[in-house]
2 protein chains.
Amino acid sequence: MSKTSQQIAEICGVSRGTVDRALNNRPGINPETKERILKVAEQLGYRPHFLAQSLVKGSTKSIGAVLFDINNRIFPQLVNAIETRASELGYFLYLTLTNKDPEKERECLQHLVDRRVDGILLLSVNKGDDFERFVSKLGVPVITFGNLVSDEIPYIWVDDRKAIRDAVKRLAALGYEEIIYVSPPMALSGRTNLYAVEQRHAGFRQAIAEAGGALSADLILHKGYLEEIEGLLRKGSKRKVILCTSDKYALKVLLHLKKKGIRVPQDVGLMGFDNIDTLEYITPSLSTIAYSADEVGTKAVDLLVDRIAGRNVPLRTMVPHEIIEGEST
Amino acid sequence: MSKTSQQIAEICGVSRGTVDRALNNRPGINPETKERILKVAEQLGYRPHFLAQSLVKGSTKSIGAVLFDINNRIFPQLVNAIETRASELGYFLYLTLTNKDPEKERECLQHLVDRRVDGILLLSVNKGDDFERFVSKLGVPVITFGNLVSDEIPYIWVDDRKAIRDAVKRLAALGYEEIIYVSPPMALSGRTNLYAVEQRHAGFRQAIAEAGGALSADLILHKGYLEEIEGLLRKGSKRKVILCTSDKYALKVLLHLKKKGIRVPQDVGLMGFDNIDTLEYITPSLSTIAYSADEVGTKAVDLLVDRIAGRNVPLRTMVPHEIIEGEST
DNA sequence: CTGTTAGCGCTTTCAG
DNA sequence: CTGAAAGCGCTAACAG
């Protein structure tokens, strides 16, 4: 079926070494024979055998991505950015999905290494010393994002903590007196890697502390948030706003409030986080915290390729965030 | 860094052949030496070199996906289904994105073949005899979906034509007398592969013909659909409904109508196609045509793996569709 | 039951 | 400037 450099050599009556010199324009070859070889290669439709090349060169020009969160709506943008940048830099992308299964995540990582990817991008559900060691021992460069795995492994993301603090300040400035913070994933705290979610949470507590009594806060850290919100809204007379750890929850809240006839923002304010593209179609438009998933993906690949090339990269890289003022606050 | 079967052989004082027999539990080996070898392999943390294996076996256990449409919201579901099924069947997924660039699509296909993927899943933007030939000559099994490339290449998707006809019948049954069909991508007809979009369009025309004068139809096949819709809504007194070639356009229309104070469904009905998951958060809930992206992805992989195994597969596979009655009609 | 040999297709010395 | 040979790590066929 496919042609080998050996065949070209035979046809041209030269050795494989010479063919190789022609094909990879390496010095030390007569321009005329080179010309001849290239012509024959062209005619045969010769294509180098990538596996064989990789085997001898020790580099596959491929990177692996290990992701858990297909439901997170920034997924398409992230994957798009990663693939696009990788492709620009000459790398192919192995995509592996873990569906939040810690064991599967380890397997994916191991398999990628078995396939000799040059580097790995990791959005992890695992955490802890044991896992840190596992990742360190893989023997290939790893860049993490979304959830931190180790202080020693480069991490890129938005500054969740500061972002929430900025949001709280903004809400205070808008005149809100009570903030209902909704972060259902926190219920899983300790059992799974929730670094980003926890950073947001920590940012919120800090912001409230900084407000020094000017703001009161309610924390809802479980699945039954819709009911609990309703209860809270009935109490007291402070101007209230609901701040959700991600747009996904904010949208569910919005839907629920609409059903109950509670008006946003007249009766209560609402704010999300992520600026997922679904928001484009939502009324009233949702206030949220935006950052560029494109930038995260693109830079993550850049960092990884730098590491692959043996260059040092910063252990923490933060992409900028921005408060989007929608109609919901 | 990483251990080779050679090293195990030396440590155990046997030959590589024997090590191979132990590792791949092939017959013809003394259980005790096998035991010994496996133990050493375990201790060394031996992992077979996948590239070397692939090189000699001629199979990489990887498949490639070539997609153009990251914006289409069924993308995450599709990719998820594909990766999940591939993984279950022991295959790794190379994801390549073309951003609707025909030349890039060809490159992606060629590169995947260079990397010796065992098979390819293709959602194509290219079409035509030339491209058909190109794909046929790749030398690996290809399964297409979404857009048909050739009658000879297996294709899996929803029956777009029938789906639209079912939708039109349903709209007629609901008492609508005039249907505004919105399909902006059709403006590119001829220049790019729009098979699915064209099938939907053809289905619409057929349905209108079948209705034999009971229904009147307006076709909007360009970007300026919002303005044109407004114009059409002002004319005549028939009960009107807007049928969009995909939910994405339906949502844009909905947003526009809300802004203009035109009520859905009281003033005009609205229906989409695809049942993208954004709809979950939309009010009024959108009527649409649903099909399972999961099923498309999963079955596409199954078909591909069948082809890789040399089995014959049907040239056309249709996944079922279903009309979803939302509040918008 | 085990060792040897010959590749898979390519790159990379080292001679000539 | 070119050829020959060794080797990447593994598998498979053939002896012993």
# chains A, B, ... in the order shown; residues from 1 in each chain; ligands from 1
>>> closest_atom_pairs(of="chain A", to="chain D", cutoff="8 Å", atoms="only C-alpha atoms (C1' of nucleotides)", output="tab-separated table")
residue	atom	partner	partner_atom	distance
A:Ser15	CA	D:DG3	C1'	6.2
A:Gly17	CA	D:DG3	C1'	7.5
A:Thr18	CA	D:DT2	C1'	6.7
A:Gly28	CA	D:DC1	C1'	5.8
A:Ile29	CA	D:DC1	C1'	5.5
A:Asn30	CA	D:DC1	C1'	6.2
A:Leu55	CA	D:DC8	C1'	5.4
A:Val56	CA	D:DC8	C1'	4.4
A:Lys57	CA	D:DC8	C1'	7.8
>>> select_by_dssp(residues="range 97-259 of chain B", states="alpha helix (DSSP H)", output="PyMOL selection string")
chain B and resi 102-114+129-136+160-173+195-211+225-234+247-259
>>> closest_atom_pairs(of="chain B", to="chain A", cutoff="6 Å", atoms="only C-alpha atoms", output="Markdown table")
| residue | atom | partner | partner_atom | distance |
| --- | --- | --- | --- | --- |
| B:Phe50 | CA | A:Arg115 | CA | 5.3 |
| B:Leu93 | CA | A:Tyr94 | CA | 5.6 |
| B:Tyr94 | CA | A:Tyr94 | CA | 4.6 |
| B:Leu95 | CA | A:Leu93 | CA | 5.8 |
| B:Asp114 | CA | A:Phe50 | CA | 5.9 |
| B:Arg115 | CA | A:Phe50 | CA | 5.3 |
| B:Thr278 | CA | A:Thr278 | CA | 6.0 |
>>> write_last_selection(atoms="C-alpha atoms", output="compact mmCIF listing (two decimals), in the first residue's frame")
# COMPACT_ATOMS: atom_id res chain seq x y z
CA PHE B 50 3.21 1.64 22.21
CA LEU B 93 -9.07 9.79 19.85
CA TYR B 94 -7.14 12.30 17.81
CA LEU B 95 -9.29 15.38 17.63
CA ASP B 114 0.34 9.82 8.17
CA ARG B 115 0.00 9.02 11.84
CA THR B 278 -29.16 25.68 25.88
>>> interface_residues(of="chain C", to="chain A", cutoff="10 Å", atoms="only C-alpha atoms (C1' of nucleotides)", output="PyMOL selection string")
chain C and resi 8-12
>>> write_last_selection(atoms="N, CA, C and O atoms (P, O5', C5', C4', C3', O3' and C1' of nucleotides)", output="PDB file, in the first residue's frame")
ATOM      1  P    DC C   8      10.405  -5.230   6.628  1.00  0.00           P
ATOM      2  O5'  DC C   8       9.462  -4.416   7.608  1.00  0.00           O
ATOM      3  C5'  DC C   8       8.258  -4.926   8.141  1.00  0.00           C
ATOM      4  C4'  DC C   8       7.695  -3.871   9.062  1.00  0.00           C
ATOM      5  C3'  DC C   8       8.066  -2.446   8.665  1.00  0.00           C
ATOM      6  O3'  DC C   8       6.968  -1.865   7.976  1.00  0.00           O
ATOM      7  C1'  DC C   8       8.443  -2.849  11.030  1.00  0.00           C
ATOM      8  P    DG C   9       7.106  -1.262   6.518  1.00  0.00           P
ATOM      9  O5'  DG C   9       7.878   0.112   6.755  1.00  0.00           O
ATOM     10  C5'  DG C   9       7.211   1.199   7.385  1.00  0.00           C
ATOM     11  C4'  DG C   9       8.240   2.231   7.767  1.00  0.00           C
ATOM     12  C3'  DG C   9       9.085   2.755   6.602  1.00  0.00           C
ATOM     13  O3'  DG C   9       8.854   4.146   6.503  1.00  0.00           O
ATOM     14  C1'  DG C   9      10.431   2.202   8.474  1.00  0.00           C
ATOM     15  P    DC C  10       9.707   5.159   5.683  1.00  0.00           P
ATOM     16  O5'  DC C  10      10.746   5.685   6.757  1.00  0.00           O
ATOM     17  C5'  DC C  10      10.240   6.467   7.830  1.00  0.00           C
ATOM     18  C4'  DC C  10      11.309   6.647   8.889  1.00  0.00           C
ATOM     19  C3'  DC C  10      12.483   7.505   8.450  1.00  0.00           C
ATOM     20  O3'  DC C  10      12.384   8.770   9.088  1.00  0.00           O
ATOM     21  C1'  DC C  10      13.197   5.550   9.646  1.00  0.00           C
ATOM     22  P    DT C  11      13.400   9.923   8.717  1.00  0.00           P
ATOM     23  O5'  DT C  11      14.613   9.638   9.713  1.00  0.00           O
ATOM     24  C5'  DT C  11      14.417   9.914  11.104  1.00  0.00           C
ATOM     25  C4'  DT C  11      15.673   9.545  11.849  1.00  0.00           C
ATOM     26  C3'  DT C  11      16.871  10.461  11.602  1.00  0.00           C
ATOM     27  O3'  DT C  11      17.358  10.812  12.892  1.00  0.00           O
ATOM     28  C1'  DT C  11      17.508   8.197  11.349  1.00  0.00           C
ATOM     29  P    DT C  12      18.335  12.058  13.087  1.00  0.00           P
ATOM     30  O5'  DT C  12      19.726  11.339  13.380  1.00  0.00           O
ATOM     31  C5'  DT C  12      19.744  10.186  14.220  1.00  0.00           C
ATOM     32  C4'  DT C  12      21.088   9.503  14.118  1.00  0.00           C
ATOM     33  C3'  DT C  12      22.247  10.430  13.738  1.00  0.00           C
ATOM     34  O3'  DT C  12      23.334  10.148  14.605  1.00  0.00           O
ATOM     35  C1'  DT C  12      22.217   8.554  12.323  1.00  0.00           C
TER      36       DT C  12
END
>>> residues_around(residues="range 240-243 of chain B", least_positions_apart="3", cutoff="7 Å", atoms="only C-alpha atoms (C1' of nucleotides)", output="ChimeraX atom specification")
/B:176-182,268-272
>>> residues_around(residues="range 296-301 of chain B", least_positions_apart="4", cutoff="10 Å", atoms="only C-alpha atoms (C1' of nucleotides)", output="number ranges by chain")
B: 63, 65, 75, 77-86, 89, 91, 119-122, 142-146, 154-158, 291-292, 305-307, 317-320
>>> select_by_dssp(residues="range 145-189 of chain B", states="strand (DSSP E)", output="list in words")
Phe145, Tyr155, Ile156, Trp157, Val158, Glu178, Ile179, Ile180, Tyr181 and Val182 of chain B
>>> write_last_selection(atoms="N, CA, C and O atoms", output="PDB file, in the first residue's frame")
ATOM      1  N   PHE B 145     -20.568  11.826   8.934  1.00  0.00           N
ATOM      2  CA  PHE B 145     -21.833  12.135   9.589  1.00  0.00           C
ATOM      3  C   PHE B 145     -22.109  13.615   9.434  1.00  0.00           C
ATOM      4  O   PHE B 145     -21.210  14.401   9.149  1.00  0.00           O
ATOM      5  N   TYR B 155     -22.514   6.711   6.099  1.00  0.00           N
ATOM      6  CA  TYR B 155     -22.979   7.992   6.621  1.00  0.00           C
ATOM      7  C   TYR B 155     -23.992   7.723   7.717  1.00  0.00           C
ATOM      8  O   TYR B 155     -24.865   6.870   7.563  1.00  0.00           O
ATOM      9  N   ILE B 156     -23.855   8.448   8.795  1.00  0.00           N
ATOM     10  CA  ILE B 156     -24.832   8.297   9.875  1.00  0.00           C
ATOM     11  C   ILE B 156     -25.300   9.669  10.331  1.00  0.00           C
ATOM     12  O   ILE B 156     -24.499  10.587  10.516  1.00  0.00           O
ATOM     13  N   TRP B 157     -26.598   9.767  10.495  1.00  0.00           N
ATOM     14  CA  TRP B 157     -27.162  11.044  10.927  1.00  0.00           C
ATOM     15  C   TRP B 157     -28.639  10.847  11.191  1.00  0.00           C
ATOM     16  O   TRP B 157     -29.141   9.714  11.176  1.00  0.00           O
ATOM     17  N   VAL B 158     -29.341  11.954  11.392  1.00  0.00           N
ATOM     18  CA  VAL B 158     -30.783  11.903  11.523  1.00  0.00           C
ATOM     19  C   VAL B 158     -31.378  12.053  10.118  1.00  0.00           C
ATOM     20  O   VAL B 158     -30.708  12.556   9.220  1.00  0.00           O
ATOM     21  N   GLU B 178     -49.303  29.610   7.646  1.00  0.00           N
ATOM     22  CA  GLU B 178     -48.180  30.135   6.875  1.00  0.00           C
ATOM     23  C   GLU B 178     -46.883  29.846   7.628  1.00  0.00           C
ATOM     24  O   GLU B 178     -46.781  30.129   8.819  1.00  0.00           O
ATOM     25  N   ILE B 179     -45.934  29.272   6.915  1.00  0.00           N
ATOM     26  CA  ILE B 179     -44.676  28.936   7.572  1.00  0.00           C
ATOM     27  C   ILE B 179     -43.531  29.746   6.976  1.00  0.00           C
ATOM     28  O   ILE B 179     -43.335  29.770   5.763  1.00  0.00           O
ATOM     29  N   ILE B 180     -42.813  30.407   7.860  1.00  0.00           N
ATOM     30  CA  ILE B 180     -41.625  31.145   7.433  1.00  0.00           C
ATOM     31  C   ILE B 180     -40.417  30.264   7.732  1.00  0.00           C
ATOM     32  O   ILE B 180     -40.119  29.987   8.894  1.00  0.00           O
ATOM     33  N   TYR B 181     -39.782  29.807   6.670  1.00  0.00           N
ATOM     34  CA  TYR B 181     -38.661  28.876   6.853  1.00  0.00           C
ATOM     35  C   TYR B 181     -37.346  29.653   6.818  1.00  0.00           C
ATOM     36  O   TYR B 181     -37.038  30.332   5.832  1.00  0.00           O
ATOM     37  N   VAL B 182     -36.578  29.552   7.889  1.00  0.00           N
ATOM     38  CA  VAL B 182     -35.357  30.351   8.014  1.00  0.00           C
ATOM     39  C   VAL B 182     -34.121  29.458   7.996  1.00  0.00           C
ATOM     40  O   VAL B 182     -33.914  28.624   8.874  1.00  0.00           O
TER      41      VAL B 182
END
>>> atom_distance(atom1="CA of Asp130 in chain A", atom2="CA of Ser150 in chain A")
10.8 Å
>>> residues_around(residues="Phe204 in chain B", least_positions_apart="3", cutoff="7 Å", atoms="only C-alpha atoms (C1' of nucleotides)", output="ChimeraX atom specification")
/B:164-165,200-201,207-208
>>> atom_distance(atom1="CA of Gly45 in chain B", atom2="CA of Cys12 in chain B")
14.9 Å
>>> decode(residues="chain C", atoms="N, CA and C atoms (P, O5', C5', C4', C3', O3' and C1' of nucleotides)", output="PDB file, in the first residue's frame")
ATOM      1  P    DC C   1       5.475 -26.170  29.064  1.00  0.00           P
ATOM      2  O5'  DC C   1       6.747 -25.358  28.639  1.00  0.00           O
ATOM      3  C5'  DC C   1       7.633 -24.817  29.545  1.00  0.00           C
ATOM      4  C4'  DC C   1       8.969 -24.735  28.833  1.00  0.00           C
ATOM      5  C3'  DC C   1       9.426 -23.297  28.639  1.00  0.00           C
ATOM      6  O3'  DC C   1      10.563 -23.096  29.468  1.00  0.00           O
ATOM      7  C1'  DC C   1       9.835 -24.658  26.715  1.00  0.00           C
ATOM      8  P    DT C   2      11.012 -21.657  29.883  1.00  0.00           P
ATOM      9  O5'  DT C   2      11.954 -21.250  28.697  1.00  0.00           O
ATOM     10  C5'  DT C   2      13.277 -21.775  28.659  1.00  0.00           C
ATOM     11  C4'  DT C   2      13.901 -21.478  27.326  1.00  0.00           C
ATOM     12  C3'  DT C   2      14.152 -19.998  27.051  1.00  0.00           C
ATOM     13  O3'  DT C   2      15.538 -19.776  27.256  1.00  0.00           O
ATOM     14  C1'  DT C   2      13.493 -21.208  25.101  1.00  0.00           C
ATOM     15  P    DG C   3      16.124 -18.273  27.153  1.00  0.00           P
ATOM     16  O5'  DG C   3      16.774 -18.336  25.693  1.00  0.00           O
ATOM     17  C5'  DG C   3      17.752 -19.322  25.426  1.00  0.00           C
ATOM     18  C4'  DG C   3      18.185 -19.254  23.971  1.00  0.00           C
ATOM     19  C3'  DG C   3      18.662 -17.866  23.540  1.00  0.00           C
ATOM     20  O3'  DG C   3      19.881 -18.008  22.819  1.00  0.00           O
ATOM     21  C1'  DG C   3      16.909 -18.630  22.103  1.00  0.00           C
ATOM     22  P    DT C   4      20.622 -16.731  22.270  1.00  0.00           P
ATOM     23  O5'  DT C   4      20.188 -16.772  20.744  1.00  0.00           O
ATOM     24  C5'  DT C   4      20.290 -17.990  20.020  1.00  0.00           C
ATOM     25  C4'  DT C   4      19.829 -17.779  18.581  1.00  0.00           C
ATOM     26  C3'  DT C   4      20.323 -16.457  17.971  1.00  0.00           C
ATOM     27  O3'  DT C   4      20.894 -16.765  16.701  1.00  0.00           O
ATOM     28  C1'  DT C   4      17.962 -16.677  17.693  1.00  0.00           C
ATOM     29  P    DT C   5      21.609 -15.675  15.855  1.00  0.00           P
ATOM     30  O5'  DT C   5      20.442 -15.255  14.865  1.00  0.00           O
ATOM     31  C5'  DT C   5      19.770 -16.272  14.117  1.00  0.00           C
ATOM     32  C4'  DT C   5      18.669 -15.651  13.281  1.00  0.00           C
ATOM     33  C3'  DT C   5      19.060 -14.317  12.625  1.00  0.00           C
ATOM     34  O3'  DT C   5      18.808 -14.410  11.236  1.00  0.00           O
ATOM     35  C1'  DT C   5      16.973 -14.120  13.763  1.00  0.00           C
ATOM     36  P    DA C   6      19.331 -13.263  10.284  1.00  0.00           P
ATOM     37  O5'  DA C   6      17.947 -12.685   9.742  1.00  0.00           O
ATOM     38  C5'  DA C   6      16.836 -13.563   9.541  1.00  0.00           C
ATOM     39  C4'  DA C   6      15.553 -12.756   9.516  1.00  0.00           C
ATOM     40  C3'  DA C   6      15.690 -11.396   8.804  1.00  0.00           C
ATOM     41  O3'  DA C   6      14.536 -11.216   7.998  1.00  0.00           O
ATOM     42  C1'  DA C   6      14.801 -11.075  10.954  1.00  0.00           C
ATOM     43  P    DG C   7      14.544 -10.133   6.854  1.00  0.00           P
ATOM     44  O5'  DG C   7      14.989  -8.815   7.684  1.00  0.00           O
ATOM     45  C5'  DG C   7      14.261  -7.609   7.534  1.00  0.00           C
ATOM     46  C4'  DG C   7      12.845  -7.751   8.075  1.00  0.00           C
ATOM     47  C3'  DG C   7      12.145  -6.404   8.139  1.00  0.00           C
ATOM     48  O3'  DG C   7      10.916  -6.479   7.465  1.00  0.00           O
ATOM     49  C1'  DG C   7      12.206  -7.441  10.313  1.00  0.00           C
ATOM     50  P    DC C   8      10.405  -5.230   6.628  1.00  0.00           P
ATOM     51  O5'  DC C   8       9.462  -4.416   7.608  1.00  0.00           O
ATOM     52  C5'  DC C   8       8.258  -4.926   8.141  1.00  0.00           C
ATOM     53  C4'  DC C   8       7.695  -3.871   9.062  1.00  0.00           C
ATOM     54  C3'  DC C   8       8.066  -2.446   8.665  1.00  0.00           C
ATOM     55  O3'  DC C   8       6.968  -1.865   7.976  1.00  0.00           O
ATOM     56  C1'  DC C   8       8.443  -2.849  11.030  1.00  0.00           C
ATOM     57  P    DG C   9       7.106  -1.262   6.518  1.00  0.00           P
ATOM     58  O5'  DG C   9       7.878   0.112   6.755  1.00  0.00           O
ATOM     59  C5'  DG C   9       7.211   1.199   7.385  1.00  0.00           C
ATOM     60  C4'  DG C   9       8.240   2.231   7.767  1.00  0.00           C
ATOM     61  C3'  DG C   9       9.085   2.755   6.602  1.00  0.00           C
ATOM     62  O3'  DG C   9       8.854   4.146   6.503  1.00  0.00           O
ATOM     63  C1'  DG C   9      10.431   2.202   8.474  1.00  0.00           C
ATOM     64  P    DC C  10       9.707   5.159   5.683  1.00  0.00           P
ATOM     65  O5'  DC C  10      10.746   5.685   6.757  1.00  0.00           O
ATOM     66  C5'  DC C  10      10.240   6.467   7.830  1.00  0.00           C
ATOM     67  C4'  DC C  10      11.309   6.647   8.889  1.00  0.00           C
ATOM     68  C3'  DC C  10      12.483   7.505   8.450  1.00  0.00           C
ATOM     69  O3'  DC C  10      12.384   8.770   9.088  1.00  0.00           O
ATOM     70  C1'  DC C  10      13.197   5.550   9.646  1.00  0.00           C
ATOM     71  P    DT C  11      13.400   9.923   8.717  1.00  0.00           P
ATOM     72  O5'  DT C  11      14.613   9.638   9.713  1.00  0.00           O
ATOM     73  C5'  DT C  11      14.417   9.914  11.104  1.00  0.00           C
ATOM     74  C4'  DT C  11      15.673   9.545  11.849  1.00  0.00           C
ATOM     75  C3'  DT C  11      16.871  10.461  11.602  1.00  0.00           C
ATOM     76  O3'  DT C  11      17.358  10.812  12.892  1.00  0.00           O
ATOM     77  C1'  DT C  11      17.508   8.197  11.349  1.00  0.00           C
ATOM     78  P    DT C  12      18.335  12.058  13.087  1.00  0.00           P
ATOM     79  O5'  DT C  12      19.726  11.339  13.380  1.00  0.00           O
ATOM     80  C5'  DT C  12      19.744  10.186  14.220  1.00  0.00           C
ATOM     81  C4'  DT C  12      21.088   9.503  14.118  1.00  0.00           C
ATOM     82  C3'  DT C  12      22.247  10.430  13.738  1.00  0.00           C
ATOM     83  O3'  DT C  12      23.334  10.148  14.605  1.00  0.00           O
ATOM     84  C1'  DT C  12      22.217   8.554  12.323  1.00  0.00           C
ATOM     85  P    DT C  13      24.478  11.210  14.857  1.00  0.00           P
ATOM     86  O5'  DT C  13      25.452  11.030  13.602  1.00  0.00           O
ATOM     87  C5'  DT C  13      26.819  10.783  13.828  1.00  0.00           C
ATOM     88  C4'  DT C  13      27.048   9.327  14.221  1.00  0.00           C
ATOM     89  C3'  DT C  13      28.450   8.882  13.850  1.00  0.00           C
ATOM     90  O3'  DT C  13      29.166   8.408  14.991  1.00  0.00           O
ATOM     91  C1'  DT C  13      26.791   7.528  12.718  1.00  0.00           C
ATOM     92  P    DC C  14      30.705   8.464  15.050  1.00  0.00           P
ATOM     93  O5'  DC C  14      31.154   7.515  13.826  1.00  0.00           O
ATOM     94  C5'  DC C  14      30.857   6.121  13.886  1.00  0.00           C
ATOM     95  C4'  DC C  14      31.265   5.477  12.569  1.00  0.00           C
ATOM     96  C3'  DC C  14      32.629   5.973  12.067  1.00  0.00           C
ATOM     97  O3'  DC C  14      33.389   4.845  11.677  1.00  0.00           O
ATOM     98  C1'  DC C  14      31.007   6.158  10.367  1.00  0.00           C
ATOM     99  P    DA C  15      35.009   4.989  11.859  1.00  0.00           P
ATOM    100  O5'  DA C  15      35.506   4.353  10.498  1.00  0.00           O
ATOM    101  C5'  DA C  15      35.085   4.954   9.303  1.00  0.00           C
ATOM    102  C4'  DA C  15      34.673   3.884   8.304  1.00  0.00           C
ATOM    103  C3'  DA C  15      35.636   3.792   7.140  1.00  0.00           C
ATOM    104  O3'  DA C  15      35.552   2.522   6.534  1.00  0.00           O
ATOM    105  C1'  DA C  15      33.619   4.871   6.452  1.00  0.00           C
ATOM    106  P    DG C  16      36.694   2.118   5.534  1.00  0.00           P
ATOM    107  O5'  DG C  16      36.342   2.851   4.152  1.00  0.00           O
ATOM    108  C5'  DG C  16      35.546   2.192   3.183  1.00  0.00           C
ATOM    109  C4'  DG C  16      35.150   3.180   2.118  1.00  0.00           C
ATOM    110  C3'  DG C  16      36.295   3.674   1.235  1.00  0.00           C
ATOM    111  O3'  DG C  16      36.067   3.248  -0.103  1.00  0.00           O
ATOM    112  C1'  DG C  16      34.826   5.415   1.836  1.00  0.00           C
TER     113       DG C  16
END
